[in-house]
Structure formats: structure tokens, C-alpha cells
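Beneath this line is the structure, given in C-alpha cells, with notes to follow.
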Amino acid sequence: MAEINLLAKYPRAKRNLVTRKVGQAANRVIASQFGREYFDGTRDQGYGGYRYDGRWLPIARDLADHFKLKAGDRVLDIGCAKGFLMRDLMEVVPGLEVWGLEISQYAIDNCHDDARGRLVRGSAQRLPFASGSFAAALCINVIHNLGQDACLEAIKEIERVAPSRGYIQVDAYRNDDERDAFLDWVLTAETFGKPDMWRALFARAGYTGDYYWTILEIDPEWTVRNAAPAQQHQQEPGR
Ligand SMILES: C[S@@+](CC[C@H](N)C(=O)[O-])C[C@H]1O[C@@H](n2cnc3c(N)ncnc32)[C@H](O)[C@@H]1O
């Protein structure tokens, strides 16, 4: 089990807490349905527009190198949204067999054309795939959306379908400032804490794959305490 950031090349964006904080309670209810509003609604309810722009390509290359993926290997992306990473993995490793698991029918219906037919509807806590059937199982910014018991089940499931070949990334914070910012920003996360909490959960689940954290980055000019006119940043993670 290794702590390794396989999303190091994901574009970094500082978050505008002011616009997100307004109406946060109501927006949480809407976002947690993972429907159109979450993906393609306004920024305060999720991504504010979730469109393919190629940002996953360098990450797909790093994942392919890390897991030494080759034609004929099977890869599962759990919580794959519209299948953008799936599409890029198939471009980077021609002949790779990629599947996605997604709870959102909206995301499945509006997935990238290149991934169409490869997204299965379901929840991370019960993967409809055989044990050991994947060369890699990816789960990026998804399982913190489950309560802690379900989260534990999901981690066990990732280990089951791809023993020692998982990559899990989850929201985390390292100190009180990061926690406060996280709570001001978060829409859908149910299980969250410091990296040690996650390490303990991984150990309880018997997880032997790799993992890393998504730590919220705040632009100090855009804190709730320093309110300023609204500004929209599109396509940042919608958590
Ligand atoms: C923050 S997005 C991350 C999407 C993508 N993995 C990424 O990193 O850009 C969370 C995704 O997980 C999906 N999701 C939420 N709960 C889920 C569950 N229990 N099982 C499977 N997918 C889930 C949502 O519909 C959404 O597509």
C-alpha cells in the first residue's frame, strides 16, 4: 500500500468560498442527487459545467505507467462521472478494456461518446464484477460521498475486484483551517477527516492498494470572512 499522488498533473484551482457558501444547505440536497444540477448546473450546486477538455490525458498516462497497463488489461473507474478519464485511458493504451461504475443516470446518459456502452449504473459499495477481474480499479473523489460503514464496504470492494491494484483518492484536511474551509465548501461528502482517519479505514478494510488526498486550496481573497463579488470558476471538482 503506497501513498502516492497519481493526480499530480490535475490542474490546480483555488476555490471561491463566497459563492459556494450562499445557500449551501439547500445546494447540498440538490448536489447529493448527482443529477443535471450537480454536473451542468450552477457552480454553487456542483461543477458548474462538466465538459471534456483533455485534462485527464496526462493523468491517464501516469496511471498507465504506474499500473503498467497494456492492451487486453481491464480497468475499472468507480464514480467515473461522464467517462472522461475512461476515454483518455483508452486513447493512451489502445486495446485497454475500460469499464466505469457510476451512480448517476444523468452522467451515464450524457457520457463521452467514446465511453458510451462502457458505463454501468451502480454504487461503489457493491461492485457488480468478479473478484480479481481488473488490472487496476480507480476511485477518485467518490467514496467520501458514502457514510462510514458504506465507505468501508466500498474500500473492501475495490480490494476485492483488484487486489493490491487499487487507487483511491479522497477529500482530506490536515489542520483546522483546512477543515473550516472544507466545511464551507463541501456539498456531498459524508465521510471526511485527516489522512490518519483514512489510513485507519483503509487498514480496517484490508486495503493494500494505493491512495492519496484531495486537499482543498483556498484563495485568501475569496474567503467567506473576506466577501467580495461573485466569480465563477468552471470545471473544478464539484464536491
Ligand atoms: C466528485 S465526482 C468525481 C468524478 C471523477 N471520478 C473525477 O475525479 O472527476 C464524484 C462522482 O462519483 C459519483 N458517485 C457518487 N456516489 C457514488 C456511489 N456511491 N457509487 C458510484 N458513484 C458515485 C458521482 O455521481 C460523481 O460522478
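Note on naming: chains are A, B, ... as they come in the C-alpha cells, residues start from 1 per chain, ligands start from 1 in the order shown.
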
Which residues form the shell of 8 Å around ligand 1 when you count only C-alpha atoms and all ligand atoms, given as a PyMOL selection string? chain A and resi 32-35+77-82+85+101-104+107+121-125+139-143+145-146+237-239

Please provide the set of residues having any atom within 7 Å of region 189-202 of chain A, restricted to only C-alpha atoms, with same-chain residues fewer than 5 positions apart removed, written as a ChimeraX atom specification. /A:144-148,152,155,171-174,207,239

Kindly export the residues of the current selection with C-alpha atoms, as a PDB file, in the first residue's frame.
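Below is the file selection.pdb, written as the result:
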```pdb
ATOM      1  CA  HIS A 144     -16.243  10.149   0.807  1.00  0.00           C
ATOM      2  CA  ASN A 145     -19.780  10.589  -0.539  1.00  0.00           C
ATOM      3  CA  LEU A 146     -20.799   7.478   1.413  1.00  0.00           C
ATOM      4  CA  GLY A 147     -21.429   7.132   5.144  1.00  0.00           C
ATOM      5  CA  GLN A 148     -18.597   5.484   7.034  1.00  0.00           C
ATOM      6  CA  LEU A 152     -15.671   0.693   4.415  1.00  0.00           C
ATOM      7  CA  ILE A 155     -12.894   0.065   0.032  1.00  0.00           C
ATOM      8  CA  ASP A 171     -11.084  14.515   0.383  1.00  0.00           C
ATOM      9  CA  ALA A 172      -8.982  15.216   3.469  1.00  0.00           C
ATOM     10  CA  TYR A 173      -7.690  18.135   5.514  1.00  0.00           C
ATOM     11  CA  ARG A 174      -4.537  18.456   7.599  1.00  0.00           C
ATOM     12  CA  TYR A 207      -6.905  -2.433   1.591  1.00  0.00           C
ATOM     13  CA  ARG A 239     -17.685  18.132  -4.178  1.00  0.00           C
TER      14      ARG A 239
END
```

Would you pick out the contacts of region 49-62 of chain A at 12 Å or less, using only C-alpha atoms, so that residues sharing its chain but fewer than 6 positions from it are not included, and give the list as a ChimeraX atom specification? /A:4-12,35-43,68-70,75,77,80-94,96,98,106-107,110-115,138,140,232-238

Go through A:Val161, A:Glu97, A:Ala13, A:Asp210 and flag the residue nearest Leu63 (chain A), using only C-alpha atoms for the distances. A:Asp210

Would you list, as a VMD selection string, the residues of region 3-231 of chain A that end up in strand (DSSP E) under DSSP run on this structure's backbone? chain A and resid 74 to 78 97 to 102 119 to 121 136 to 140 166 to 171 210 to 214

Extract the full set of alpha helix (DSSP H) residues from chain A according to DSSP on the backbone, and format it as an NGL selection string. :A and (17-21 or 24-31 or 36-40 or 57-66 or 84-92 or 105-109 or 148-161 or 176-185 or 195-205)

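Atom pair CA of Glu178 (chain A) / CA of Glu153 (chain A): separated by 27.1 Å.
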